[in-house]
Structures are given as C-alpha cells and as structure tokens.
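Report on the following structure.
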Amino acid sequence: MTTSVPRTIPSLIRWGSEQFPTNPAIVDQGTTLTYRELHDQIKQAAGAFVALGVKHGDRVAIWAPNQTEFVVAMLAAESVGAAFVPLNTRYKGGEATTILERSRTEVLVVANGFLGADYIGMLRGVQARAGDAHSGPIAALPHLREIVDLSGTSPAAENIRSWDDFLALSARIDPAEVDARWDAVTPEDICDIMFTSGTTGVPKGVLTAHRQTIGVGDVWAKGAGLSTADRYAIVNPFFHGFGYKAGLIACLTRGSTIYPVAMFNTTSLLRLIEESRITVLPGAPTIFTSLMDDPQLDTFDISSLRFAIAGAASVPESLFERMLSVLGFEQVAQAYGLTECIVATQSRPNEDPAHVAETTGPAVPGIEISVVDPSGTPVAMGSDGEILLRGDTVMLGYFEDEEATRAAIDTDGWFHTGDIGRLDEHGCLKITDRIKDMFIVGGFNVYPAEVENILSSHPDVLESAVVGVPDERMGTVGKAYITLRRGATLTEEEIVAFCRERLANFKIPRHVTFLEEFPRNASGKILKKDLRETPATV
C-alpha cells in the first residue's frame, strides 16, 4: 500500500472503498459484498442510525453472532460517532441488562432467537426497579429507546424494528448530513466500550479510541502479513476483541476478505477452508485441537492455509508443531493480550515453533513491556514479575470509573495487567501465572467473583470459591468448591442447573465439590492455590 491506514472508522471505510473497490470484503452464506458495496451498506445504516436520533457519543450495543449485518451495524454506528458496546451471545438476561444499563445504551441491535435464545424475552424477564416505568421496549432499561432485530422474527412493536425497516429509515436523512457526521469523527473519539468483569465481578467498560482500535488491527495485520489475497475465516466472535480488532478491523486495513463464522463446527469449518481456499485462521487452541481430532480431516483439502495465531488460552507445548505438520499452516504464531490491550505481544515471522510454544513473542510496535516485583522495581531478565504495559493501544481507562482507572494505570502510564510473566534474552514474553483469579475457557475470560456472586444467591449455599482447572479440550474450565448451610443438601447437577439459568455457558462450573470447610490463611482468606492443586474431579 502506498497510503497509510486512516485512524477513524468512517475514514477507513471510505479509504477501503477507494483502495480496494472490487475486492470482496465479506463473503457470508453465499453472499459477497465488495469493499465499495460494504461502504454503501454502511452509509445506508449510518443514515438509519441518524434517523433514530443516535448522537455523537451515544452507545449502540450489538447482541449477535458473526454475520454481515453485525459488521454493517457496528461500523455504521461507529461512523456516526457512537460507541459500539458488544454483548456476548452466551449472556443471559441479567448479564446483558447489567452492561446495557451501565453503558446507558440507546439502541440495541440483536439477532433474536440465535441458537434458540430469546434475547428480547430474557431482557423483558429482568425485573424493573421501582420508578423505571418508561416508553422504551424493555422495562428494566430506561435508556434503551430502540431495538433492531436482525432475525425479523419479533412481533411488531413500536420500538422494535426489523433490519429492513431499520435500513429504510435512511431515506429520511440527507446524505450530506451523514457525510457531515462521518467527517466529525476524530481519532480521539471513543470507538468502543468492551465490558470486562474484572476481579470484583462488577463489569467495567474498557474505553478505546478510534485510533487505538484501528491501530490494533493495523499492527496485527502487519504481523500476519495480511494482503488483498488473504481470505480470513473469523471464528473468534466479533463481540470479542480477538475477532473484532485482530479479525474484522485487521482485514479492513489490508483489503482482505472476511468470512464470518457464526457457529464453530469442525466439519463445517473444514468444508469452508476447502471450498473458499481460506488462508488465515486464528483462534483459541481449542479450534485447532478440534480440527485435528475431526475424523474427516483427511478428506478435505486444506492446503490453502497460510497463517494462524493460537492465543487466548493456555497452549499445549506440541500444538504449534502439530498445526504445521497436521494442518499444514505455513506459519504459526502466539500472541498475548487482554481487553485493555488487545494485542500486546506477537511471535516474530518465521519463528521456531518450539520458541513459539514457549513464549508469546516480543512487544508489538507501539507497546512497551516492563516486568516488575511487588515494589514496582523491574526484575532481571528471566525472572518472574507482574507484567506492565504502556503504549499507543493500551486503553484510555474504564467508562465512568475513575477509581478503577487509577488502580489499573499508574501515574507513569503503565497498565498493571495482574498477569505474571518473564522476558527472555530476545525480549519475548512468557506468561507463567495470574495475580488475578481470572481464567480462560475456550478463549473467553471467566472471573470467579462473578460466578461466586451467583452461587452466593442460592439459598442453600453458605460460601463458594471458583477456580480454573486444566481441561484437555477447553484449556481450562471452572471448578466450584461449595460449603452448604446447615441442614441443606444439594447435588452437583442442581448447582449446574442453577448457574445455567443465570450465566453464559462458558462461565458455568464444569465440576462441583462440596466441602465441610475451606483451607484458609491466618487472616481467614480462602487459599485458592490449595484448591487449584486438588484433582479436577472428586
């Protein structure tokens, strides 16, 4: 490319339509949009958001799987100056309501009925607080004015529109007004607010500017060597930073073709790779181990595969070598990041697979790493310490939470990750432990405090502690240790069923052990380290 990548979403969309007008931007379920056609659809949806009264700085949430309409709605909202708020498709009503309420989202775009989930019904099932009566579509969400249902299955209602009816609203708006809104967006405007529960179990909204979101995609694309020739199957959800910024946005910075994958199924994905000649396929380690375990693997031609990153979970030592030898990738890499800094490190090109398995690579351009002891003093090379990050794509802070922001980012601008690691002689980072209790299930963060809060609401549960334990397929799964109230009796199945009604499935403990008492230190704190060292099943 001869031109640097723009640093606002609307400028990126315009630029893409000029740089790669006829290149396929999205191929989804047999339908192809070129970069120019994608621009035009985003422009139409942007006009519809303006017609709905979405103002610069408002929040627009999307609760849907990977699909073309997700891309169009998200980029359109960002292009008129709204902040995108993603919702995990596995969320239950209470979880989604908490984020929609905290962000004061005004418009929700939802694929109602995805995998049989009645998202709108779940939201309506959350009890409104006294005094929350209003004219919006959801009693418990006074700020939410409009719902756009991508599925088209919701009954007609004043504040619930189909996708086609939503797009038709754009006819009311002068295209010049949409252009003015696009031009008004600056690189420093908030582009997205991605909520992460953190160790307190209370969701915190990670604030990222346009320049940062595009910067993540740009640096990831450079490391992956993305080009207009690449066909990128995005299995990682668009509601997750990996699928959104290292996936969708990365493609937009290079004119690559996006193949959204709404549901992961090994045979379907192998078929997509063969038929569409997929070249780029990042994902959690579970994706690759599942593909290699598929009994039909040898019947598919997957020789087009070029590049993969396995990240977002603990990685088996042999995985990268097998990805090269069994799946036939030309290059494999590892990366480290978190919601507050989506891509912090990335393996170097043509790295030895053994070293890729050992480390997550050096810091990406624009990011500094410091590994420090508890006093904040940098430790020697090869020694463990807390990982601190500083640089262009580290979050601005937490949405309307100055206290949490100050606790996370020190006065020198270092973000304290809560992760433990070490740097080797090449400047490559190895993750060795976590200060925080958070663990990762199949690529998704699970915060024990959130699960423990749910367990504590059960009338028979006295106390609980949730830890991550190794799992061959998912990398890590949750295990709950529980003490019961006097005279109470519960089974593992009853606990799991209780959680299933209130939590996304990746947060549900896979194992439950009932204890008479917890191991504790001198101050009475539960010793989770001791619990982690017990067998996964009892």
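Labels for the structure tokens follow display order: chains A, B, ..., residues from 1 in each chain, ligands from 1.
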
Exercise: range 343-354 of chain A partners within 10 Å, only C-alpha atoms, chain neighbours under 3 positions left out, as a PyMOL selection string: chain A and resi 215-217+219-220+223-225+241-242+245-246+309+311+317-324+330-340+357-369+389-391+393-394+428-429

File of the preceding selection, N, CA and C atoms, as a compact mmCIF listing (two decimals), in the first residue's frame:
```txt
# COMPACT_ATOMS: atom_id res chain seq x y z
N GLY A 215 -5.43 0.95 15.25
CA GLY A 215 -4.02 0.64 15.49
C GLY A 215 -3.80 -0.83 15.82
N VAL A 216 -4.70 -1.41 16.60
CA VAL A 216 -4.61 -2.84 16.93
C VAL A 216 -4.71 -3.67 15.65
N GLY A 217 -5.73 -3.36 14.83
CA GLY A 217 -5.90 -4.11 13.60
C GLY A 217 -4.72 -3.96 12.66
N VAL A 219 -1.50 -3.23 13.40
CA VAL A 219 -0.28 -3.91 13.85
C VAL A 219 -0.43 -5.42 13.75
N TRP A 220 -1.65 -5.92 13.99
CA TRP A 220 -1.87 -7.36 13.87
C TRP A 220 -1.75 -7.78 12.40
N GLY A 223 1.86 -8.04 11.38
CA GLY A 223 2.49 -9.24 11.89
C GLY A 223 2.06 -10.49 11.16
N ALA A 224 0.81 -10.49 10.69
CA ALA A 224 0.28 -11.66 9.97
C ALA A 224 0.57 -11.60 8.48
N GLY A 225 1.10 -10.46 8.01
CA GLY A 225 1.35 -10.32 6.59
C GLY A 225 0.09 -10.31 5.75
N GLY A 241 -12.56 -9.01 21.45
CA GLY A 241 -11.50 -8.21 20.84
C GLY A 241 -10.71 -8.94 19.79
N PHE A 242 -10.53 -10.25 19.96
CA PHE A 242 -9.77 -11.06 19.01
C PHE A 242 -10.46 -11.08 17.65
N LYS A 245 -11.09 -6.80 16.57
CA LYS A 245 -9.97 -5.93 16.21
C LYS A 245 -8.85 -6.66 15.48
N ALA A 246 -8.48 -7.86 15.97
CA ALA A 246 -7.46 -8.65 15.29
C ALA A 246 -8.05 -9.42 14.12
N ILE A 309 -2.73 -17.79 14.38
CA ILE A 309 -2.29 -17.47 15.74
C ILE A 309 -3.18 -18.24 16.69
N GLY A 311 -4.13 -18.22 20.45
CA GLY A 311 -3.99 -17.40 21.64
C GLY A 311 -5.23 -17.48 22.49
N GLU A 317 2.25 -27.65 24.62
CA GLU A 317 3.57 -27.46 24.04
C GLU A 317 3.67 -27.98 22.61
N SER A 318 2.95 -29.06 22.30
CA SER A 318 3.07 -29.68 20.98
C SER A 318 2.15 -29.05 19.94
N LEU A 319 1.30 -28.11 20.34
CA LEU A 319 0.26 -27.63 19.45
C LEU A 319 0.82 -27.01 18.16
N PHE A 320 1.80 -26.13 18.28
CA PHE A 320 2.26 -25.41 17.10
C PHE A 320 2.95 -26.33 16.11
N GLU A 321 3.72 -27.27 16.60
CA GLU A 321 4.35 -28.23 15.69
C GLU A 321 3.30 -29.05 14.96
N ARG A 322 2.23 -29.43 15.65
CA ARG A 322 1.15 -30.20 15.01
C ARG A 322 0.35 -29.34 14.04
N MET A 323 0.20 -28.06 14.34
CA MET A 323 -0.50 -27.17 13.41
C MET A 323 0.25 -27.07 12.08
N LEU A 324 1.58 -27.13 12.16
CA LEU A 324 2.39 -27.11 10.94
C LEU A 324 2.34 -28.45 10.22
N GLU A 330 1.62 -22.60 6.90
CA GLU A 330 2.98 -22.17 6.56
C GLU A 330 3.64 -21.48 7.74
N GLN A 331 2.84 -20.77 8.52
CA GLN A 331 3.38 -20.02 9.65
C GLN A 331 2.40 -20.04 10.80
N VAL A 332 2.90 -20.28 12.00
CA VAL A 332 2.07 -20.24 13.20
C VAL A 332 2.70 -19.27 14.20
N ALA A 333 1.86 -18.69 15.02
CA ALA A 333 2.34 -17.69 15.97
C ALA A 333 1.51 -17.75 17.24
N GLN A 334 2.02 -17.11 18.26
CA GLN A 334 1.30 -16.95 19.51
C GLN A 334 1.25 -15.46 19.82
N ALA A 335 0.26 -15.05 20.59
CA ALA A 335 0.14 -13.64 20.95
C ALA A 335 -0.39 -13.54 22.38
N TYR A 336 -0.17 -12.39 22.97
CA TYR A 336 -0.69 -12.12 24.31
C TYR A 336 -1.40 -10.78 24.29
N GLY A 337 -2.56 -10.75 24.90
CA GLY A 337 -3.30 -9.52 25.03
C GLY A 337 -4.44 -9.71 26.00
N LEU A 338 -5.15 -8.65 26.25
CA LEU A 338 -6.31 -8.68 27.13
C LEU A 338 -7.21 -7.53 26.71
N THR A 339 -8.40 -7.46 27.24
CA THR A 339 -9.35 -6.47 26.76
C THR A 339 -8.77 -5.07 26.80
N GLU A 340 -7.98 -4.78 27.83
CA GLU A 340 -7.40 -3.45 27.98
C GLU A 340 -6.27 -3.15 27.00
N ALA A 357 5.93 -21.92 20.97
CA ALA A 357 5.21 -22.61 22.04
C ALA A 357 5.65 -22.12 23.41
N GLU A 358 6.90 -21.67 23.50
CA GLU A 358 7.46 -21.29 24.79
C GLU A 358 7.08 -19.87 25.21
N THR A 359 6.95 -18.95 24.21
CA THR A 359 6.69 -17.55 24.52
C THR A 359 5.59 -17.00 23.63
N THR A 360 5.08 -15.83 24.01
CA THR A 360 4.06 -15.16 23.20
C THR A 360 4.66 -14.11 22.28
N GLY A 361 5.98 -14.09 22.18
CA GLY A 361 6.65 -13.15 21.29
C GLY A 361 7.00 -11.85 21.98
N PRO A 362 7.67 -10.94 21.25
CA PRO A 362 8.05 -9.64 21.81
C PRO A 362 6.89 -8.65 21.72
N ALA A 363 7.06 -7.51 22.33
CA ALA A 363 6.04 -6.45 22.27
C ALA A 363 5.83 -6.03 20.83
N VAL A 364 4.57 -5.78 20.47
CA VAL A 364 4.26 -5.28 19.13
C VAL A 364 4.66 -3.82 19.04
N PRO A 365 4.82 -3.27 17.83
CA PRO A 365 5.17 -1.85 17.70
C PRO A 365 4.19 -0.96 18.46
N GLY A 366 4.75 0.01 19.18
CA GLY A 366 3.92 0.95 19.93
C GLY A 366 3.64 0.54 21.36
N ILE A 367 4.09 -0.66 21.76
CA ILE A 367 3.85 -1.14 23.13
C ILE A 367 5.18 -1.39 23.84
N GLU A 368 5.26 -0.96 25.09
CA GLU A 368 6.40 -1.26 25.96
C GLU A 368 5.96 -2.28 27.01
N ILE A 369 6.88 -3.14 27.42
CA ILE A 369 6.62 -4.12 28.48
C ILE A 369 7.63 -3.92 29.60
N LEU A 389 2.14 -2.88 30.94
CA LEU A 389 2.12 -2.47 29.53
C LEU A 389 1.92 -0.97 29.43
N ARG A 390 2.54 -0.38 28.43
CA ARG A 390 2.36 1.05 28.18
C ARG A 390 2.49 1.28 26.68
N GLY A 391 1.60 2.14 26.15
CA GLY A 391 1.75 2.43 24.74
C GLY A 391 0.46 2.85 24.05
N THR A 393 -1.87 1.52 22.18
CA THR A 393 -3.14 0.80 22.13
C THR A 393 -3.60 0.31 23.50
N VAL A 394 -2.96 0.75 24.56
CA VAL A 394 -3.46 0.48 25.90
C VAL A 394 -4.69 1.36 26.12
N CYS A 428 11.18 -11.66 24.35
CA CYS A 428 9.91 -12.35 24.20
C CYS A 428 9.31 -12.67 25.56
N LEU A 429 8.01 -12.58 25.65
CA LEU A 429 7.31 -12.70 26.93
C LEU A 429 6.75 -14.11 27.11
```

Neighbour list for Glu101 in chain A as a PyMOL selection string, cut-off 10 Å, only C-alpha atoms, skip fewer than 6 positions in-chain: chain A and resi 140-144

Nearest candidate to Asp164 in chain A (options A:Ala45, A:Thr289, A:Asn505, A:Val235; using only C-alpha atoms): A:Ala45

Those of range 264-333 of chain A in DSSP strand (DSSP E), formatted as a PyMOL selection string: chain A and resi 307-309+331-333

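Going from CA of His511 in chain A to CA of Gly475 in chain A covers 14.4 Å.
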
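Between Val54 in chain A and the candidates A:His416, A:Arg434, A:Arg181, A:Arg486, the tightest atom-to-atom separation, counting only C-alpha atoms, involves A:Arg181.
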
Backbone-only DSSP, alpha helix (DSSP H) members of range 150-256 of chain A, as a ChimeraX atom specification: /A:163-168,175-184,210-224,241-243,250-252

Can you check which parts of range 62-126 of chain A lie within 10 Å of range 182-195 of chain A? Per residue, the shortest pair of atoms and distance in Å to one decimal, counting only C-alpha atoms, sorted by chain and number, as a tab-separated table.
```
residue	atom	partner	partner_atom	distance
A:Met74	CA	A:Asp192	CA	9.5
A:Leu75	CA	A:Cys191	CA	9.6
A:Ala76	CA	A:Trp182	CA	9.4
A:Ala77	CA	A:Cys191	CA	9.2
A:Glu78	CA	A:Cys191	CA	6.0
A:Ser79	CA	A:Trp182	CA	5.4
A:Val80	CA	A:Trp182	CA	5.5
A:Gly81	CA	A:Val185	CA	5.6
A:Ala82	CA	A:Cys191	CA	7.1
A:Ala83	CA	A:Asp192	CA	4.6
A:Phe84	CA	A:Asp192	CA	4.4
A:Val85	CA	A:Ile193	CA	5.2
A:Pro86	CA	A:Met194	CA	6.3
A:Leu87	CA	A:Phe195	CA	8.5
A:Asn88	CA	A:Phe195	CA	9.9
A:Ile99	CA	A:Phe195	CA	7.1
A:Arg102	CA	A:Phe195	CA	9.6
A:Ser103	CA	A:Ile193	CA	8.2
```

Output for the residues just chosen: N, CA and C atoms as a PDB file, in the first residue's frame:
```pdb
ATOM      1  N   MET A  74     -22.248  -2.319  13.272  1.00  0.00           N
ATOM      2  CA  MET A  74     -21.177  -1.828  14.135  1.00  0.00           C
ATOM      3  C   MET A  74     -20.422  -0.677  13.480  1.00  0.00           C
ATOM      4  N   LEU A  75     -19.986  -0.885  12.252  1.00  0.00           N
ATOM      5  CA  LEU A  75     -19.201   0.146  11.576  1.00  0.00           C
ATOM      6  C   LEU A  75     -20.027   1.393  11.296  1.00  0.00           C
ATOM      7  N   ALA A  76     -21.323   1.213  11.046  1.00  0.00           N
ATOM      8  CA  ALA A  76     -22.198   2.368  10.822  1.00  0.00           C
ATOM      9  C   ALA A  76     -22.359   3.180  12.094  1.00  0.00           C
ATOM     10  N   ALA A  77     -22.567   2.493  13.213  1.00  0.00           N
ATOM     11  CA  ALA A  77     -22.706   3.199  14.487  1.00  0.00           C
ATOM     12  C   ALA A  77     -21.442   3.971  14.822  1.00  0.00           C
ATOM     13  N   GLU A  78     -20.291   3.325  14.648  1.00  0.00           N
ATOM     14  CA  GLU A  78     -19.025   3.994  14.930  1.00  0.00           C
ATOM     15  C   GLU A  78     -18.791   5.161  13.974  1.00  0.00           C
ATOM     16  N   SER A  79     -19.280   5.039  12.750  1.00  0.00           N
ATOM     17  CA  SER A  79     -19.041   6.090  11.757  1.00  0.00           C
ATOM     18  C   SER A  79     -19.851   7.350  12.009  1.00  0.00           C
ATOM     19  N   VAL A  80     -20.927   7.258  12.791  1.00  0.00           N
ATOM     20  CA  VAL A  80     -21.677   8.471  13.136  1.00  0.00           C
ATOM     21  C   VAL A  80     -21.305   8.971  14.531  1.00  0.00           C
ATOM     22  N   GLY A  81     -20.214   8.409  15.075  1.00  0.00           N
ATOM     23  CA  GLY A  81     -19.699   8.908  16.347  1.00  0.00           C
ATOM     24  C   GLY A  81     -20.214   8.200  17.575  1.00  0.00           C
ATOM     25  N   ALA A  82     -21.008   7.137  17.406  1.00  0.00           N
ATOM     26  CA  ALA A  82     -21.473   6.362  18.561  1.00  0.00           C
ATOM     27  C   ALA A  82     -20.401   5.370  18.975  1.00  0.00           C
ATOM     28  N   ALA A  83     -20.438   4.950  20.230  1.00  0.00           N
ATOM     29  CA  ALA A  83     -19.526   3.928  20.726  1.00  0.00           C
ATOM     30  C   ALA A  83     -20.214   2.568  20.649  1.00  0.00           C
ATOM     31  N   PHE A  84     -19.519   1.591  20.119  1.00  0.00           N
ATOM     32  CA  PHE A  84     -20.015   0.223  19.983  1.00  0.00           C
ATOM     33  C   PHE A  84     -19.845  -0.511  21.314  1.00  0.00           C
ATOM     34  N   VAL A  85     -20.931  -1.149  21.779  1.00  0.00           N
ATOM     35  CA  VAL A  85     -20.903  -1.947  23.010  1.00  0.00           C
ATOM     36  C   VAL A  85     -21.255  -3.392  22.634  1.00  0.00           C
ATOM     37  N   PRO A  86     -20.284  -4.307  22.643  1.00  0.00           N
ATOM     38  CA  PRO A  86     -20.585  -5.694  22.271  1.00  0.00           C
ATOM     39  C   PRO A  86     -21.162  -6.483  23.434  1.00  0.00           C
ATOM     40  N   LEU A  87     -22.057  -7.428  23.103  1.00  0.00           N
ATOM     41  CA  LEU A  87     -22.637  -8.335  24.096  1.00  0.00           C
ATOM     42  C   LEU A  87     -22.377  -9.767  23.663  1.00  0.00           C
ATOM     43  N   ASN A  88     -21.898 -10.563  24.588  1.00  0.00           N
ATOM     44  CA  ASN A  88     -21.607 -11.973  24.334  1.00  0.00           C
ATOM     45  C   ASN A  88     -22.905 -12.714  24.032  1.00  0.00           C
ATOM     46  N   ILE A  99     -24.856  -4.703  31.555  1.00  0.00           N
ATOM     47  CA  ILE A  99     -23.992  -3.946  30.645  1.00  0.00           C
ATOM     48  C   ILE A  99     -24.775  -2.856  29.922  1.00  0.00           C
ATOM     49  N   ARG A 102     -25.335  -0.111  32.564  1.00  0.00           N
ATOM     50  CA  ARG A 102     -24.132   0.628  32.939  1.00  0.00           C
ATOM     51  C   ARG A 102     -23.655   1.534  31.802  1.00  0.00           C
ATOM     52  N   SER A 103     -23.825   1.070  30.566  1.00  0.00           N
ATOM     53  CA  SER A 103     -23.386   1.871  29.422  1.00  0.00           C
ATOM     54  C   SER A 103     -24.429   2.888  28.979  1.00  0.00           C
TER      55      SER A 103
END
```

Contacts of Met438 in chain A at 12 Å (only C-alpha atoms; same-chain gap of 4+ positions) as JSON, numbers by chain: {"A": [196, 197, 198, 199, 200, 201, 313, 338, 417, 418, 419, 433, 434, 444, 445, 446, 447, 448, 449, 450, 451, 466, 467, 468, 469, 476, 477, 478, 507, 528]}

Close residues, Thr97 in chain A itself excluded, 12 Å, only C-alpha atoms, min 5 positions apart in chain, as JSON, numbers by chain: {"A": [61, 63, 87, 88, 91, 92, 102, 103, 104, 105, 108, 119, 120, 121, 122, 123, 124, 125, 126, 127, 128, 138, 139, 140, 141, 142, 143, 144, 203, 502]}

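Counting from CA of Ala408 in chain A, the distance to CA of Ser456 in chain A is 27.3 Å.
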
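Of the residues listed (A:Val202, A:Leu52, A:Val72, A:Val110), A:Val202 shows the shortest atom-to-atom separation from Asp401 in chain A; distances use only C-alpha atoms.
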
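Within the 9 Å cut-off around range 31-35 of chain A, using only C-alpha atoms and omitting residues fewer than 4 positions from it on the same chain, the listed residues are Ile13, Gly16, Ser17, Glu18, Gln19, Phe20, Pro21, Thr22, Asn23, Pro24, Ala25, Ile26, Val27, His39, Asp40, Thr68, Leu252, Gly255 and Thr257 of chain A.
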
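Distances to Met395 in chain A were evaluated for A:Gly30, A:Gly382, A:Gly205, A:Gly443 using only C-alpha atoms, and the minimum falls at A:Gly205.
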
Spatial neighbours of Asn265 in chain A, 12 Å, only C-alpha atoms, chain gap at least 5 places, as a ChimeraX atom specification: /A:235,270-272,286-288,290-291,294

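One distance worth recording is that between CA of Leu396 in chain A and CA of Ile147 in chain A, which is 28.8 Å.
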
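Using only C-alpha atoms for every distance, the candidate list A:Asp424, A:Ile440, A:Thr489, A:Thr405 yields A:Ile440 as the residue closest to Pro470 in chain A.
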
Which residue of A:Asn453, A:Ser268, A:Ser383, A:Ser11 approaches Gly421 in chain A most closely, using only C-alpha atoms: A:Ser383

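The neighbours of Arg520 in chain A here are the residues that come within 12 Å of it, using only C-alpha atoms and leaving out any residue fewer than 3 positions away in the same chain; they are A:Ala465, A:Glu517, A:Ser523, A:Gly524, A:Lys525, A:Ile526, A:Leu527, A:Lys528, A:Lys529, A:Asp530, A:Leu531.
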
Kindly save the residues from that selection, with all heavy atoms included, as a CSV table (one decimal), in the first residue's frame.
```
chain,number,residue,atom,x,y,z
A,465,ALA,N,-16.0,-20.9,46.3
A,465,ALA,CA,-14.8,-20.5,45.7
A,465,ALA,C,-14.7,-21.2,44.3
A,465,ALA,O,-14.9,-22.4,44.2
A,465,ALA,CB,-13.6,-20.8,46.6
A,517,GLU,N,-15.3,-27.5,55.1
A,517,GLU,CA,-14.7,-26.2,55.3
A,517,GLU,C,-13.6,-25.9,54.3
A,517,GLU,O,-13.1,-26.8,53.7
A,517,GLU,CB,-14.1,-26.1,56.7
A,517,GLU,CG,-13.0,-27.1,57.0
A,517,GLU,CD,-12.5,-27.1,58.5
A,517,GLU,OE1,-12.5,-25.9,59.0
A,517,GLU,OE2,-12.2,-28.1,59.0
A,523,SER,N,-5.4,-14.9,58.0
A,523,SER,CA,-6.4,-13.8,58.1
A,523,SER,C,-7.8,-14.3,57.7
A,523,SER,O,-8.7,-13.5,57.6
A,523,SER,CB,-5.9,-12.7,57.2
A,523,SER,OG,-5.9,-13.1,55.8
A,524,GLY,N,-7.9,-15.6,57.4
A,524,GLY,CA,-9.2,-16.1,57.1
A,524,GLY,C,-9.6,-16.2,55.6
A,524,GLY,O,-10.7,-16.6,55.2
A,525,LYS,N,-8.6,-15.7,54.8
A,525,LYS,CA,-8.9,-15.8,53.3
A,525,LYS,C,-8.8,-17.2,52.8
A,525,LYS,O,-7.9,-17.9,53.2
A,525,LYS,CB,-7.9,-14.8,52.6
A,525,LYS,CG,-8.2,-14.7,51.1
A,525,LYS,CD,-7.2,-13.7,50.5
A,525,LYS,CE,-7.5,-13.6,49.0
A,525,LYS,NZ,-6.5,-12.7,48.3
A,526,ILE,N,-9.7,-17.5,51.9
A,526,ILE,CA,-9.7,-18.9,51.3
A,526,ILE,C,-8.4,-19.0,50.4
A,526,ILE,O,-8.1,-18.1,49.7
A,526,ILE,CB,-10.9,-19.1,50.4
A,526,ILE,CG1,-12.2,-19.1,51.3
A,526,ILE,CG2,-10.8,-20.4,49.6
A,526,ILE,CD1,-13.5,-19.2,50.5
A,527,LEU,N,-7.7,-20.1,50.6
A,527,LEU,CA,-6.5,-20.4,49.9
A,527,LEU,C,-6.8,-21.1,48.5
A,527,LEU,O,-6.9,-22.3,48.4
A,527,LEU,CB,-5.5,-21.2,50.7
A,527,LEU,CG,-5.0,-20.6,52.0
A,527,LEU,CD1,-4.3,-21.6,52.8
A,527,LEU,CD2,-4.1,-19.4,51.6
A,528,LYS,N,-7.1,-20.2,47.5
A,528,LYS,CA,-7.4,-20.8,46.2
A,528,LYS,C,-6.3,-21.6,45.6
A,528,LYS,O,-6.5,-22.5,44.8
A,528,LYS,CB,-7.9,-19.7,45.3
A,528,LYS,CG,-9.3,-19.2,45.6
A,528,LYS,CD,-9.8,-18.3,44.4
A,528,LYS,CE,-11.2,-17.9,44.7
A,528,LYS,NZ,-11.8,-17.2,43.6
A,529,LYS,N,-5.1,-21.3,46.0
A,529,LYS,CA,-3.9,-22.0,45.4
A,529,LYS,C,-4.0,-23.5,45.9
A,529,LYS,O,-3.8,-24.4,45.1
A,529,LYS,CB,-2.6,-21.4,46.0
A,529,LYS,CG,-1.4,-22.1,45.5
A,529,LYS,CD,-0.1,-21.4,46.0
A,529,LYS,CE,1.2,-22.1,45.5
A,529,LYS,NZ,1.3,-23.4,46.1
A,530,ASP,N,-4.4,-23.7,47.1
A,530,ASP,CA,-4.6,-25.1,47.6
A,530,ASP,C,-5.7,-25.8,46.8
A,530,ASP,O,-5.6,-27.0,46.5
A,530,ASP,CB,-4.9,-25.1,49.1
A,530,ASP,CG,-3.7,-24.7,49.9
A,530,ASP,OD1,-2.6,-24.4,49.3
A,530,ASP,OD2,-3.8,-24.6,51.2
A,531,LEU,N,-6.8,-25.1,46.5
A,531,LEU,CA,-7.9,-25.7,45.8
A,531,LEU,C,-7.5,-26.0,44.4
A,531,LEU,O,-7.9,-27.1,43.9
A,531,LEU,CB,-9.1,-24.7,45.8
A,531,LEU,CG,-9.7,-24.3,47.1
A,531,LEU,CD1,-10.8,-23.3,46.9
A,531,LEU,CD2,-10.2,-25.6,47.8
```
